[in-house]
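Colleague: Got entry-v3.txt for you, compact mmCIF, C-alpha atoms:
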# COMPACT_ATOMS: atom_id res chain seq x y z
CA MET Q 267 -9.81 7.83 38.44
CA ARG Q 268 -13.04 7.68 40.39
CA GLY Q 269 -15.16 10.78 40.00
CA ARG Q 270 -12.91 12.32 37.35
CA LYS Q 271 -13.75 12.44 33.67
CA VAL Q 272 -11.08 10.90 31.43
CA PRO Q 273 -9.90 13.47 28.85
CA SER Q 274 -10.89 12.57 25.27
CA PHE Q 275 -7.19 12.53 24.34
CA TYR Q 276 -6.77 9.35 26.41
CA LEU Q 277 -9.85 7.79 24.84
CA PHE Q 278 -8.42 8.55 21.39
CA ILE Q 279 -5.20 6.72 22.20
CA SER Q 280 -7.18 3.87 23.71
CA LEU Q 281 -9.33 3.59 20.56
CA LYS Q 282 -6.22 3.66 18.40
CA ASP Q 283 -4.63 0.83 20.40
CA GLN Q 284 -7.85 -1.22 20.28
CA VAL Q 285 -8.19 -0.77 16.52
CA GLN Q 286 -4.53 -1.68 15.95
CA GLU Q 287 -4.88 -4.86 18.00
CA LEU Q 288 -8.13 -5.89 16.28
CA LEU Q 289 -6.69 -5.10 12.86
CA GLU Q 290 -3.61 -7.25 13.50
CA GLY Q 291 -5.90 -10.12 14.53
CA ALA Q 292 -8.05 -9.74 11.41
CA LEU Q 293 -4.99 -9.75 9.14
CA LYS Q 294 -3.66 -12.89 10.87
CA GLU Q 295 -6.93 -14.61 9.94
CA ASN Q 296 -6.11 -14.05 6.24
CA PRO Q 297 -2.30 -13.95 5.79
CA SER Q 298 -2.60 -12.98 2.10
CA LEU Q 299 -3.89 -9.56 3.23
CA PHE Q 300 -1.63 -6.78 4.47
CA LEU Q 301 -2.03 -3.27 5.79
CA ILE Q 302 -1.22 -0.28 3.61
CA GLU Q 303 -2.46 2.48 5.90
CA SER Q 304 -4.66 3.07 8.91
CA LYS Q 305 -5.78 6.44 10.18
CA ILE Q 306 -7.91 7.49 13.12
CA HIS Q 307 -9.04 11.08 12.83
CA PRO Q 308 -9.86 13.28 15.87
CA ASP Q 309 -13.59 12.82 15.16
CA ASN Q 310 -13.07 9.03 15.59
CA SER Q 311 -13.52 8.25 11.91
CA ILE Q 312 -11.35 5.23 11.17
CA GLU Q 313 -9.93 4.62 7.68
CA ILE Q 314 -8.15 1.39 6.86
CA ILE Q 315 -6.59 0.56 3.49
CA ILE Q 316 -5.60 -3.04 2.83
CA ASP Q 317 -4.13 -4.95 -0.09
CA GLY Q 318 -3.63 -8.61 -0.79
CA ASP Q 319 -1.15 -10.85 -2.55
CA ASP Q 320 -4.04 -12.05 -4.73
CA GLY Q 321 -6.00 -8.80 -4.69
CA VAL Q 322 -8.75 -7.80 -2.28
CA LYS Q 323 -12.35 -8.96 -2.56
CA VAL Q 324 -15.33 -7.15 -1.08
CA GLU Q 325 -15.66 -10.08 1.32
CA ASP Q 326 -12.13 -9.38 2.61
CA CYS Q 327 -13.03 -5.77 3.42
CA ILE Q 328 -16.24 -6.92 5.12
CA ALA Q 329 -14.36 -9.49 7.24
CA VAL Q 330 -11.78 -6.92 8.41
CA SER Q 331 -14.52 -4.37 9.08
CA ARG Q 332 -16.56 -6.83 11.14
CA ALA Q 333 -13.52 -7.99 13.11
CA ILE Q 334 -13.00 -4.40 14.23
CA GLU Q 335 -16.53 -3.05 14.45
CA HIS Q 336 -18.01 -5.99 16.35
CA ASN Q 337 -15.31 -5.75 19.01
CA LEU Q 338 -15.54 -2.03 19.77
CA ASP Q 339 -18.17 -0.61 22.08
CA ARG Q 340 -20.07 2.33 20.54
CA GLU Q 341 -21.51 3.07 23.99
CA GLU Q 342 -18.00 3.75 25.23
CA GLU Q 343 -16.71 5.63 22.17
CA ASP Q 344 -18.65 6.54 19.02
CA PHE Q 345 -16.80 5.97 15.74
CA SER Q 346 -17.21 5.47 12.01
CA LEU Q 347 -15.24 2.82 10.14
CA GLN Q 348 -14.20 2.50 6.50
CA VAL Q 349 -12.20 -0.47 5.23
CA MET Q 350 -11.12 -0.27 1.60
CA SER Q 351 -8.71 -1.87 -0.82
CA ALA Q 352 -5.72 -0.01 -2.19
CA GLY Q 353 -6.56 1.55 -5.53
CA VAL Q 354 -4.29 1.56 -8.54
CA SER Q 355 -4.10 5.34 -8.41
CA GLU Q 356 -2.77 5.19 -4.82
CA GLY Q 357 0.69 4.03 -5.84
CA LEU Q 358 2.85 1.24 -4.47
CA GLN Q 359 3.87 1.61 -0.84
CA HIS Q 360 4.59 -1.89 0.41
CA ILE Q 361 7.20 -4.42 -0.81
CA ARG Q 362 4.44 -7.03 -1.21
CA GLN Q 363 2.68 -4.71 -3.67
CA TYR Q 364 5.74 -4.71 -5.92
CA LYS Q 365 5.97 -8.50 -5.76
CA LYS Q 366 2.32 -8.95 -6.70
CA ASN Q 367 2.74 -6.63 -9.71
CA LEU Q 368 5.65 -8.48 -11.34
CA GLY Q 369 5.36 -8.36 -15.14
CA ARG Q 370 3.35 -5.13 -15.13
CA LYS Q 371 4.48 -1.75 -16.37
CA ILE Q 372 5.26 0.70 -13.57
CA LYS Q 373 6.50 4.26 -13.34
CA ILE Q 374 8.83 5.23 -10.53
CA LYS Q 375 10.26 8.53 -9.41
CA THR Q 376 13.50 8.82 -7.52
CA ASP Q 377 15.27 11.99 -6.41
CA GLU Q 378 17.29 11.90 -9.64
CA GLU Q 379 15.07 10.46 -12.37
CA VAL Q 380 11.77 9.08 -13.57
CA LEU Q 381 11.78 5.54 -14.98
CA GLU Q 382 9.01 3.64 -16.71
CA GLY Q 383 9.31 -0.03 -17.56
CA ASP Q 384 8.29 -3.60 -16.91
CA LEU Q 385 8.77 -4.76 -13.33
CA ILE Q 386 10.74 -7.99 -13.75
CA SER Q 387 12.06 -8.51 -10.23
CA ALA Q 388 11.22 -7.45 -6.68
CA THR Q 389 13.46 -8.62 -3.86
CA ASP Q 390 13.36 -7.51 -0.24
CA ASP Q 391 15.83 -4.69 -1.06
CA GLU Q 392 15.23 -3.52 -4.63
CA ILE Q 393 13.27 -3.77 -7.85
CA THR Q 394 14.43 -4.31 -11.42
CA LEU Q 395 12.81 -2.59 -14.40
CA THR Q 396 13.39 -3.20 -18.11
CA TRP Q 397 12.29 -1.10 -21.06
CA LYS Q 398 13.09 -0.56 -24.73
CA ALA Q 399 14.76 2.64 -25.92
CA ARG Q 400 15.87 4.02 -29.28
CA GLU Q 401 19.53 5.04 -29.35
CA PRO Q 402 21.88 6.15 -32.09
CA LYS Q 403 23.76 3.32 -33.79
CA PRO Q 404 27.32 2.95 -32.56
CA VAL Q 405 28.52 3.17 -36.17
CA GLY Q 406 26.72 4.92 -39.00
CA LYS Q 407 23.47 6.81 -39.20
CA GLY Q 408 20.12 5.84 -37.74
CA LYS Q 409 18.90 4.40 -34.49
CA VAL Q 410 18.66 0.98 -32.99
CA THR Q 411 16.27 -0.37 -30.34
CA VAL Q 412 18.02 -1.54 -27.19
CA THR Q 413 16.76 -3.09 -23.97
CA LYS Q 414 17.65 -1.14 -20.86
CA GLU Q 415 17.60 -2.36 -17.28
CA ALA Q 416 17.76 -0.57 -13.94
CA ASN Q 417 17.93 -1.79 -10.35
CA VAL Q 418 16.41 0.64 -7.86
CA ALA Q 419 16.52 0.26 -4.08
CA TYR Q 420 13.19 0.81 -2.31
CA GLU Q 421 14.80 3.51 -0.16
CA ASN Q 422 15.45 5.56 -3.34
CA ILE Q 423 11.86 5.36 -4.62
CA VAL Q 424 9.90 8.53 -3.95
CA GLU Q 425 6.77 7.40 -5.81
CA ALA Q 426 5.74 4.29 -7.76
CA LYS Q 427 2.56 3.62 -9.73
CA VAL Q 428 1.28 0.80 -11.88
CA MET Q 429 0.65 2.07 -15.40
CA ILE Q 430 -2.76 1.12 -16.76
CA THR Q 431 -2.73 0.35 -20.48
CA PHE Q 432 -5.78 -0.19 -22.66
As a first step, turn the structure in this file into structure tokens.

Modeller:
Amino acid sequence: MRGRKVPSFYLFISLKDQVQELLEGALKENPSLFLIESKIHPDNSIEIIIDGDDGVKVEDCIAVSRAIEHNLDREEEDFSLQVMSAGVSEGLQHIRQYKKNLGRKIKIKTDEEVLEGDLISATDDEITLTWKAREPKPVGKGKVTVTKEANVAYENIVEAKVMITF
């Protein structure tokens, strides 16, 4: 393409591919980390959200940021970069997030219902929640506390959040 200017659309794709490759390399360096989301906006602002099996330290975000930033040429394409950890308010999006939150109280929404309970199991296909509920006694007046359990496939979960209790 001698003498012709490359349209910015092609540079955007090129930047996206470079970032993806560098990000994959950075995550291979620390296998306990995993990608939640990466976005490259038209103004070349790059946002990366990571999580980790044992949480994410500031040092982890710095290492991922450096692995990307130090290998991109600002002379070729100007960009801004933000690497952050997944916040509790963001919700659970990745199977590894469910597994790391075993024993915690979560709230999930499916197309049919909303469930809130303790996350006791997370396989590669589904999660299991337990919770206590008050139900009428089978015989006589009054109520009795029972333990309920539900298995929910990941594909049926519309939204899931860890419940923070104080």

Colleague: Skipping near chain neighbours, those fewer than 2 positions away, what residues fall within 8 Å of Ala292 of chain Q using all atoms listed in the file, listed as an mmCIF file with C-alpha atoms, keeping the file's coordinate frame?

Modeller:
data_model
loop_
_atom_site.group_PDB
_atom_site.id
_atom_site.type_symbol
_atom_site.label_atom_id
_atom_site.label_comp_id
_atom_site.auth_asym_id
_atom_site.auth_seq_id
_atom_site.Cartn_x
_atom_site.Cartn_y
_atom_site.Cartn_z
ATOM 1 C CA LEU Q 288 -8.130 -5.890 16.280
ATOM 2 C CA LEU Q 289 -6.690 -5.100 12.860
ATOM 3 C CA GLU Q 290 -3.610 -7.250 13.500
ATOM 4 C CA LYS Q 294 -3.660 -12.890 10.870
ATOM 5 C CA GLU Q 295 -6.930 -14.610 9.940
ATOM 6 C CA ASN Q 296 -6.110 -14.050 6.240
ATOM 7 C CA ALA Q 329 -14.360 -9.490 7.240
ATOM 8 C CA VAL Q 330 -11.780 -6.920 8.410
ATOM 9 C CA ALA Q 333 -13.520 -7.990 13.110
ATOM 10 C CA ILE Q 334 -13.000 -4.400 14.230
#

Colleague: Quote the spacing between atom CA of Pro308 of chain Q and atom CA of Gln284 of chain Q in Å to one decimal place.

Modeller: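 Between these atoms lies a distance of 15.3 Å.
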
Colleague: Using all atoms listed in the file, which of Q:Asp326, Q:Phe300, Q:Ser346, Q:Gly291 sits nearest Ile312 of chain Q?

Modeller: Q:Ser346

Colleague: For each of Q:Gln363, Q:Thr411, Q:Gln286, Q:Asn310, take the minimum atom-to-atom distance to Ile393 of chain Q, counting all atoms listed in the file, then give the residue where this is smallest.

Modeller: Q:Gln363

Colleague: What's the 7 Å shell around Val424 of chain Q, counting all atoms listed in the file, without same-chain residues fewer than 5 positions away, as an mmCIF file with C-alpha atoms, in the coordinates of the input?

Modeller:
data_model
loop_
_atom_site.group_PDB
_atom_site.id
_atom_site.type_symbol
_atom_site.label_atom_id
_atom_site.label_comp_id
_atom_site.auth_asym_id
_atom_site.auth_seq_id
_atom_site.Cartn_x
_atom_site.Cartn_y
_atom_site.Cartn_z
ATOM 1 C CA LYS Q 375 10.260 8.530 -9.410
ATOM 2 C CA THR Q 376 13.500 8.820 -7.520
ATOM 3 C CA ASP Q 377 15.270 11.990 -6.410
#

Colleague: If we count all atoms listed in the file, what is near Lys371 of chain Q at a cut-off of 8 Å, once residues fewer than 2 positions away on the same chain are taken out, given as a ChimeraX atom specification?

Modeller: /Q:369,373,382-385,428-430

Colleague: Which of these, Q:Asn422, Q:Ser280, Q:Ser298, Q:Ser351, has the shortest distance to Val380 of chain Q once you count all atoms listed in the file?

Modeller: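 Among the listed residues, the smallest separation from Val380 of chain Q belongs to Q:Asn422.
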
Colleague: Provide the atom CA of Ser387 of chain Q to atom CA of Ile372 of chain Q distance in Å, to one decimal place.

Modeller: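 Between atom CA of Ser387 of chain Q and atom CA of Ile372 of chain Q the gap is 11.9 Å.
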
Colleague: Set up a box along x, y and z of the file covering all listed atoms of segment 311-321 of chain Q, add 3 Å on every one of the six sides, and write the centre and edge lengths in Å to one decimal, as lines of an AutoDock Vina configuration file.

Modeller:
center_x = -7.3
center_y = -1.9
center_z = 3.6
size_x = 18.4
size_y = 26.3
size_z = 22.6

Colleague: Compare Q:Val285, Q:Gly321, Q:Glu341, Q:Thr396 by their minimum atom-to-atom distance to Arg362 of chain Q, counting all atoms listed in the file, and give me the closest one.

Modeller: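 Selected residue with least distance to Arg362 of chain Q: Q:Gly321.
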
Colleague: Nearest residue to Asp319 of chain Q out of Q:Lys407, Q:Arg400, Q:Lys365, Q:Arg370, using only C-alpha atoms?

Modeller: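 Once distances to Asp319 of chain Q are computed over only C-alpha atoms, the minimum belongs to Q:Lys365.
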
Colleague: Using only C-alpha atoms, collect all residues at a distance of at most 8 Å from (-18.5, 7.5, 17.0) as written in the file, then present them as a CSV table (one decimal) with C-alpha atoms, in the coordinates of the input.

Modeller:
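That gives us selection_33.csv:
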chain,number,residue,atom,x,y,z
Q,309,ASP,CA,-13.6,12.8,15.2
Q,310,ASN,CA,-13.1,9.0,15.6
Q,311,SER,CA,-13.5,8.2,11.9
Q,340,ARG,CA,-20.1,2.3,20.5
Q,343,GLU,CA,-16.7,5.6,22.2
Q,344,ASP,CA,-18.6,6.5,19.0
Q,345,PHE,CA,-16.8,6.0,15.7
Q,346,SER,CA,-17.2,5.5,12.0

Colleague: To one decimal place in Å, what is the distance between atom CA of Asn367 of chain Q and atom CA of Ala419 of chain Q?

Modeller: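 Calculated distance between atom CA of Asn367 of chain Q and atom CA of Ala419 of chain Q is 16.4 Å.
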
Colleague: Rank nothing, just name the residue among Q:Leu338, Q:Val349, Q:Ile328, Q:Ala399 nearest to Ile314 of chain Q, using only C-alpha atoms.

Modeller: Q:Val349
